[in-house]
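Chemist: Got run.cif for you, mmCIF, C-alpha atoms:
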```
data_my_file
loop_
_atom_site.label_atom_id
_atom_site.label_comp_id
_atom_site.auth_asym_id
_atom_site.auth_seq_id
_atom_site.Cartn_x
_atom_site.Cartn_y
_atom_site.Cartn_z
CA MET A 1 -6.10 -32.29 -5.74
CA LYS A 2 -3.67 -35.06 -4.80
CA GLU A 3 -0.31 -34.02 -3.37
CA ALA A 4 1.70 -35.62 -6.17
CA ARG A 5 -0.37 -33.89 -8.81
CA LYS A 6 0.00 -30.59 -7.06
CA VAL A 7 3.81 -30.60 -7.18
CA PRO A 8 4.22 -29.77 -10.89
CA PHE A 9 1.56 -27.09 -10.67
CA LEU A 10 3.28 -25.47 -7.71
CA ALA A 11 6.60 -25.66 -9.56
CA MET A 12 4.94 -23.94 -12.49
CA ALA A 13 3.56 -21.27 -10.19
CA VAL A 14 7.05 -20.64 -8.77
CA ALA A 15 8.56 -20.42 -12.25
CA PHE A 16 5.74 -18.11 -13.32
CA SER A 17 6.29 -15.76 -10.41
CA VAL A 18 10.08 -15.70 -10.90
CA VAL A 19 9.58 -14.73 -14.53
CA LEU A 20 7.02 -12.09 -13.55
CA GLY A 21 9.49 -10.77 -11.00
CA TYR A 22 12.02 -10.40 -13.80
CA VAL A 23 9.56 -8.74 -16.18
CA GLU A 24 8.75 -6.31 -13.39
CA LEU A 25 12.36 -5.09 -13.38
CA LEU A 26 11.93 -3.90 -16.95
CA PHE A 27 9.18 -1.44 -15.97
CA PRO A 28 10.52 1.88 -14.84
CA MET A 29 8.78 3.05 -11.67
CA PRO A 30 8.03 6.70 -10.91
CA VAL A 31 9.51 6.34 -7.42
CA ALA A 32 12.83 4.70 -6.78
CA GLY A 33 12.31 1.50 -4.82
CA ALA A 34 8.59 1.00 -5.38
CA LYS A 35 7.55 -2.31 -6.89
CA LEU A 36 4.87 -3.28 -9.36
CA GLY A 37 4.25 -6.57 -7.56
CA LEU A 38 3.56 -8.63 -10.66
CA ALA A 39 5.06 -11.67 -8.95
CA ASN A 40 2.25 -11.44 -6.45
CA LEU A 41 -0.15 -12.57 -9.16
CA ALA A 42 1.10 -16.15 -8.95
CA VAL A 43 0.95 -16.15 -5.15
CA LEU A 44 -2.56 -14.74 -5.22
CA LEU A 45 -3.78 -17.36 -7.67
CA VAL A 46 -2.27 -20.22 -5.66
CA LEU A 47 -3.78 -18.80 -2.50
CA TYR A 48 -7.24 -18.92 -4.03
CA LEU A 49 -6.83 -22.20 -5.93
CA TRP A 50 -5.16 -24.26 -3.22
CA GLU A 51 -4.14 -23.88 0.39
CA THR A 52 -2.33 -21.31 2.47
CA ARG A 53 0.78 -23.45 2.90
CA ASP A 54 1.08 -24.00 -0.85
CA ALA A 55 0.96 -20.26 -1.44
CA PHE A 56 3.52 -19.69 1.32
CA PHE A 57 5.83 -22.20 -0.33
CA VAL A 58 5.51 -20.34 -3.63
CA THR A 59 6.24 -17.02 -1.91
CA VAL A 60 9.40 -18.20 -0.17
CA ALA A 61 10.68 -20.17 -3.17
CA ARG A 62 10.09 -17.17 -5.42
CA VAL A 63 12.03 -14.80 -3.17
CA LEU A 64 14.91 -17.25 -2.78
CA LEU A 65 15.17 -17.90 -6.51
CA SER A 66 14.82 -14.35 -7.72
CA SER A 67 17.32 -13.07 -5.14
CA LEU A 68 19.79 -15.69 -6.29
CA LEU A 69 19.21 -14.86 -9.94
CA PHE A 70 18.83 -11.08 -10.05
CA GLY A 71 19.57 -9.64 -6.64
CA GLY A 72 22.16 -9.70 -3.95
CA PHE A 73 22.14 -10.49 -0.27
CA SER A 74 20.59 -7.17 0.75
CA ALA A 75 17.95 -7.52 -1.97
CA PHE A 76 17.08 -10.86 -0.41
CA TRP A 77 16.12 -9.38 2.95
CA PHE A 78 14.08 -6.61 1.37
CA SER A 79 12.14 -8.98 -0.83
CA MET A 80 11.70 -11.46 2.00
CA ALA A 81 10.35 -8.88 4.42
CA GLY A 82 7.99 -7.42 1.83
CA ALA A 83 6.84 -10.78 0.52
CA VAL A 84 6.27 -12.45 3.89
CA LEU A 85 4.46 -9.47 5.40
CA SER A 86 2.26 -9.06 2.37
CA PHE A 87 1.59 -12.79 2.28
CA TRP A 88 0.29 -13.03 5.84
CA VAL A 89 -1.77 -9.90 5.46
CA MET A 90 -3.37 -11.40 2.36
CA VAL A 91 -4.11 -14.63 4.23
CA LEU A 92 -5.68 -12.60 7.02
CA PHE A 93 -7.80 -10.52 4.66
CA LYS A 94 -8.92 -13.62 2.81
CA LYS A 95 -9.97 -15.34 6.05
CA TRP A 96 -11.68 -12.18 7.21
CA ASP A 97 -13.87 -12.39 4.12
CA VAL A 98 -15.08 -8.83 3.73
CA CYS A 99 -12.96 -8.23 0.65
CA SER A 100 -12.95 -9.84 -2.76
CA ILE A 101 -9.69 -10.93 -4.37
CA VAL A 102 -9.15 -7.31 -5.43
CA GLY A 103 -9.17 -6.05 -1.85
CA VAL A 104 -6.90 -8.87 -0.74
CA SER A 105 -4.46 -8.01 -3.51
CA MET A 106 -4.53 -4.30 -2.64
CA ALA A 107 -3.76 -5.05 1.00
CA GLY A 108 -0.95 -7.33 -0.13
CA GLY A 109 0.54 -4.75 -2.49
CA VAL A 110 0.49 -2.05 0.16
CA CYS A 111 2.06 -4.31 2.78
CA HIS A 112 4.74 -5.48 0.38
CA ASN A 113 5.95 -1.92 -0.01
CA MET A 114 5.58 -1.26 3.71
CA GLY A 115 7.68 -4.29 4.59
CA GLN A 116 10.43 -3.14 2.26
CA LEU A 117 10.38 0.35 3.70
CA LEU A 118 10.50 -1.08 7.22
CA VAL A 119 13.66 -3.05 6.45
CA ALA A 120 15.10 0.04 4.77
CA CYS A 121 14.45 2.00 7.99
CA LEU A 122 16.24 -0.67 10.00
CA VAL A 123 19.20 -0.86 7.62
CA VAL A 124 19.96 2.85 7.62
CA GLU A 125 18.75 3.33 11.23
CA ASP A 126 16.70 6.34 10.28
CA ILE A 127 12.99 6.58 10.96
CA ARG A 128 12.70 9.64 8.72
CA LEU A 129 12.30 7.36 5.76
CA VAL A 130 8.60 7.39 6.62
CA SER A 131 8.42 10.46 4.37
CA PHE A 132 8.52 7.95 1.51
CA LEU A 133 5.53 6.12 2.93
CA PRO A 134 2.72 8.03 1.14
CA VAL A 135 4.16 7.33 -2.32
CA PHE A 136 4.79 3.72 -1.42
CA LEU A 137 1.26 3.32 -0.08
CA VAL A 138 -0.39 4.80 -3.16
CA THR A 139 1.73 2.91 -5.69
CA GLY A 140 1.20 -0.30 -3.72
CA LEU A 141 -2.54 0.31 -3.76
CA MET A 142 -2.74 0.97 -7.48
CA CYS A 143 -0.54 -1.96 -8.45
CA GLY A 144 -2.36 -4.23 -6.00
CA CYS A 145 -5.67 -3.20 -7.55
CA ALA A 146 -4.44 -3.97 -11.07
CA ILE A 147 -3.03 -7.35 -10.02
CA GLY A 148 -6.24 -8.15 -8.14
CA LEU A 149 -8.43 -7.40 -11.17
CA LEU A 150 -6.16 -9.53 -13.35
CA ALA A 151 -6.35 -12.41 -10.86
CA ARG A 152 -10.13 -12.13 -10.66
CA PHE A 153 -10.29 -12.38 -14.43
CA LEU A 154 -7.93 -15.39 -14.58
CA LEU A 155 -9.28 -17.39 -11.66
CA PRO A 156 -12.42 -18.89 -13.29
CA TYR A 157 -10.41 -20.19 -16.26
CA LEU A 158 -7.75 -21.80 -14.06
CA ASP A 159 -10.39 -23.26 -11.76
CA ARG A 160 -11.99 -25.05 -14.66
CA LYS A 161 -8.69 -26.36 -16.08
CA LEU A 162 -7.13 -27.69 -12.89
CA MET B 1 -16.01 -6.54 -5.82
CA LYS B 2 -17.17 -6.26 -2.27
CA ARG B 3 -17.69 -3.31 0.00
CA GLY B 4 -14.52 -4.23 1.90
CA ASP B 5 -12.42 -3.53 -1.20
CA PHE B 6 -13.41 0.11 -1.16
CA PHE B 7 -12.85 0.22 2.56
CA VAL B 8 -9.28 -1.04 2.12
CA ALA B 9 -8.59 1.48 -0.64
CA ALA B 10 -10.06 4.36 1.35
CA ALA B 11 -8.13 3.44 4.50
CA VAL B 12 -4.82 3.28 2.62
CA LEU B 13 -5.43 6.58 0.83
CA LEU B 14 -6.36 8.25 4.13
CA ALA B 15 -3.22 6.90 5.78
CA ALA B 16 -1.12 8.10 2.85
CA ALA B 17 -2.65 11.57 3.01
CA ALA B 18 -2.14 11.75 6.79
CA VAL B 19 1.52 10.74 6.60
CA PHE B 20 2.06 13.12 3.71
CA LEU B 21 0.61 16.07 5.63
CA LEU B 22 2.59 15.17 8.75
CA THR B 23 5.93 14.88 7.00
CA LYS B 24 5.50 17.66 4.43
CA GLY B 25 8.29 20.16 4.80
CA GLN B 26 9.46 23.63 3.89
CA ALA B 27 12.45 24.66 1.83
CA GLY B 28 15.59 23.39 3.52
CA VAL B 29 18.88 25.00 4.40
CA TRP B 30 21.19 22.11 5.17
CA ALA B 31 21.76 18.70 3.69
CA VAL B 32 22.73 16.32 6.45
CA VAL B 33 24.62 13.25 5.34
CA THR B 34 24.27 10.29 7.67
CA ALA B 35 26.05 7.00 7.30
CA ASN B 36 25.00 3.98 9.36
CA GLY B 37 23.26 6.24 11.87
CA GLN B 38 26.12 8.72 12.30
CA GLU B 39 26.32 12.20 10.84
CA VAL B 40 29.30 12.56 8.50
CA ALA B 41 28.67 15.93 6.85
CA LYS B 42 26.40 18.95 6.88
CA LEU B 43 26.34 20.79 3.58
CA SER B 44 24.75 24.13 2.81
CA LEU B 45 22.16 23.87 0.06
CA GLU B 46 22.94 27.32 -1.28
CA LYS B 47 26.63 26.75 -1.92
CA GLU B 48 27.60 24.73 -4.95
CA GLN B 49 29.82 21.96 -3.68
CA THR B 50 30.61 18.30 -4.08
CA PHE B 51 31.13 15.85 -1.28
CA VAL B 52 32.30 12.34 -1.95
CA TYR B 53 31.31 9.71 0.56
CA GLU B 54 33.26 6.51 0.32
CA ASP B 55 32.58 3.28 2.13
CA GLN B 56 31.80 0.05 0.37
CA TYR B 57 30.79 2.13 -2.64
CA GLU B 58 31.22 5.73 -3.64
CA ASN B 59 28.52 8.41 -3.66
CA ARG B 60 29.25 11.78 -5.24
CA ILE B 61 26.90 14.17 -3.46
CA CYS B 62 26.28 17.63 -4.96
CA THR B 63 24.49 20.65 -3.56
CA GLY B 64 23.44 24.00 -4.99
CA ASP B 65 20.33 26.07 -5.82
CA GLY B 66 18.62 24.95 -2.63
CA ALA B 67 18.82 21.26 -3.46
CA VAL B 68 20.97 18.22 -2.90
CA TRP B 69 21.33 15.26 -5.25
CA ILE B 70 23.60 12.33 -5.94
CA GLU B 71 25.53 13.06 -9.07
CA GLU B 72 27.22 9.73 -9.42
CA THR B 73 27.47 6.43 -7.63
CA ASN B 74 28.93 3.01 -8.27
CA CYS B 75 26.56 1.13 -5.98
CA PRO B 76 24.80 -1.83 -7.65
CA ASP B 77 21.22 -0.54 -7.84
CA GLY B 78 21.83 3.19 -8.31
CA THR B 79 18.52 3.98 -6.61
CA CYS B 80 20.03 6.98 -4.84
CA GLN B 81 21.03 8.56 -8.13
CA LYS B 82 17.62 7.88 -9.64
CA SER B 83 15.83 9.60 -6.75
CA GLY B 84 16.99 12.92 -8.19
CA ALA B 85 17.28 16.21 -6.31
CA ILE B 86 15.50 16.98 -3.03
CA HIS B 87 14.61 20.44 -1.73
CA PHE B 88 12.37 20.23 1.32
CA THR B 89 12.63 19.23 4.95
CA GLY B 90 11.41 15.70 5.50
CA GLU B 91 12.63 14.55 2.10
CA SER B 92 15.55 12.17 1.90
CA ILE B 93 17.81 10.30 -0.45
CA VAL B 94 18.84 6.83 0.56
CA CYS B 95 21.62 4.60 -0.68
CA LEU B 96 20.93 1.26 0.94
CA PRO B 97 23.98 -0.62 -0.36
CA ASN B 98 26.19 2.01 1.21
CA GLY B 99 24.09 2.66 4.35
CA LEU B 100 23.84 6.33 3.43
CA VAL B 101 20.98 8.73 4.12
CA ILE B 102 20.79 12.37 3.11
CA THR B 103 18.10 14.40 4.82
CA ILE B 104 17.23 18.07 4.66
CA GLU B 105 17.15 20.32 7.66
CA GLY B 106 15.33 23.60 7.76
CA ALA B 107 15.97 27.09 9.03
CA ALA B 108 14.46 26.63 12.51
CA LYS B 109 16.85 23.88 13.49
CA THR B 110 19.95 25.61 12.16
CA GLU B 111 19.21 28.68 14.26
CA ILE B 112 19.40 26.57 17.38
CA ASP B 113 22.57 24.94 16.12
CA GLY B 114 23.98 28.39 15.42
CA VAL B 115 23.43 29.45 19.01
CA ALA B 116 25.04 26.30 20.34
CA ARG B 117 28.12 26.95 18.31
#
```
So that I can check it, write out the structure of this file as structure tokens.
Modeler:
Amino acid sequence: MKEARKVPFLAMAVAFSVVLGYVELLFPMPVAGAKLGLANLAVLLVLYLWETRDAFFVTVARVLLSSLLFGGFSAFWFSMAGAVLSFWVMVLFKKWDVCSIVGVSMAGGVCHNMGQLLVACLVVEDIRLVSFLPVFLVTGLMCGCAIGLLARFLLPYLDRKL
Amino acid sequence: MKRGDFFVAAAVLLAAAAVFLLTKGQAGVWAVVTANGQEVAKLSLEKEQTFVYEDQYENRICTGDGAVWIEETNCPDGTCQKSGAIHFTGESIVCLPNGLVITIEGAAKTEIDGVAR
């Protein structure tokens, strides 16, 4: 697709993921701090529809916008760490090509939570936070799986329309 | 779905189980309150008491019945209050906006501390 045509679609993807990020806040999570990762759906779709750098743009723009709108400065670093880590892991898993979109999404979900926990460890200077890791890993896996299945279902329709 | 998907899922679940088994604790004796890496209070879990930590925000920390919990806080996300009560060594409550961590210490460690004192 031509660059100029891609711009509105990327803008739509960013808007979509910001809205999903807001919707996600309305879901109560069993563990304080764990995330559903709905916003990852948009990133995942862009990653499969277009190129890595487009998806990276969507990731960074999403984190910037949603931190400005709903979060604070500390929320920004948490989201950024989680989002960027999960993004590069997804790129890696996609290149590696042993997983379908579901596996890529699961890896992304898990790493998103891990990135957030890592920053949390740094902020409070206490490595004992790793006791939260199992819950974060499992919730990340389940949410990543759900998002991945959703993306797999959506992808053929979008591919045809764009 | 490819084979790799199941491999990813299995690896993550294994890692989660391993970390869980490694960090699983026993009933605790002390609640140690740490702020920005420095210990500010050590509260007995058996005694019913309230400790208020104040920095940028305020956390009202309560103990009793072998547990510690955050009764009230005015930090923006309130995650620490939502985490509820903790009972076992290795568990912790974190208030990121205030840089506060509450961990639980067990009997073994307090014995050593007792001797030192």
Chemist: Name the residues that the PyMOL selection byres ((chain B) within 12 of (chain A)) picks from the file above, as a ChimeraX atom specification, using the file's chain letters and numbers.
Modeler: /B:1-25,33-39,75-84,88-105
Chemist: Nearest to A:Phe76: which of A:Met114, A:Phe57, A:Leu47, A:Val119 is it, counting all atoms listed in the file?
Modeler: A:Val119
Chemist: Just how far from atom CA of B:Leu45 is atom CA of B:His87, in Å to one decimal?
Modeler: 8.5 Å
Chemist: One number please: atom CA of A:Val89 to atom CA of A:Ala4, in Å, one decimal.
Modeler: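 The value is 28.4 Å.
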Chemist: Could you state which residues are captured by the PyMOL selection byres ((chain A and resi 11) around 12) in this file, as number ranges by chain?
Modeler: A: 4-10, 12-18, 42-43, 46, 54-55, 57-59, 61-62, 65
Chemist: Can you tell me how far atom CA of A:Ala81 sits from atom CA of A:Trp50, in Å to one decimal?
Modeler: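 Between atom CA of A:Ala81 and atom CA of A:Trp50 the gap works out to 23.1 Å.
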Chemist: Write out as a PyMOL selection string each polymer residue whose atoms come within 8 Å of A:Met80, counting only C-alpha atoms; drop sequence neighbours fewer than 3 positions from it.
Modeler: chain A and resi 60+63+76-77+83-84
Chemist: Which residues are near B:Gly66? Cut-off 8 Å, all atoms listed in the file, ignore same chain within fewer than 3 positions. Put them as a count of residues only.
Modeler: 7
Chemist: Could you tell me which residues the PyMOL selection byres ((chain B and resi 86) around 6) grabs in this file, written as an mmCIF file with C-alpha atoms, in the frame of the given file?
Modeler:
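And here's out_26.cif as it stands now:
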```cif
data_model
loop_
_atom_site.group_PDB
_atom_site.id
_atom_site.type_symbol
_atom_site.label_atom_id
_atom_site.label_comp_id
_atom_site.auth_asym_id
_atom_site.auth_seq_id
_atom_site.Cartn_x
_atom_site.Cartn_y
_atom_site.Cartn_z
ATOM 1 C CA ALA B 67 18.820 21.260 -3.460
ATOM 2 C CA VAL B 68 20.970 18.220 -2.900
ATOM 3 C CA ALA B 85 17.280 16.210 -6.310
ATOM 4 C CA HIS B 87 14.610 20.440 -1.730
#
```
Chemist: Restricting the calculation to all atoms listed in the file, which member of B:Val32, B:Gly106, B:Phe51, B:Ser44 is positioned closest to B:Gly64?
Modeler: B:Ser44
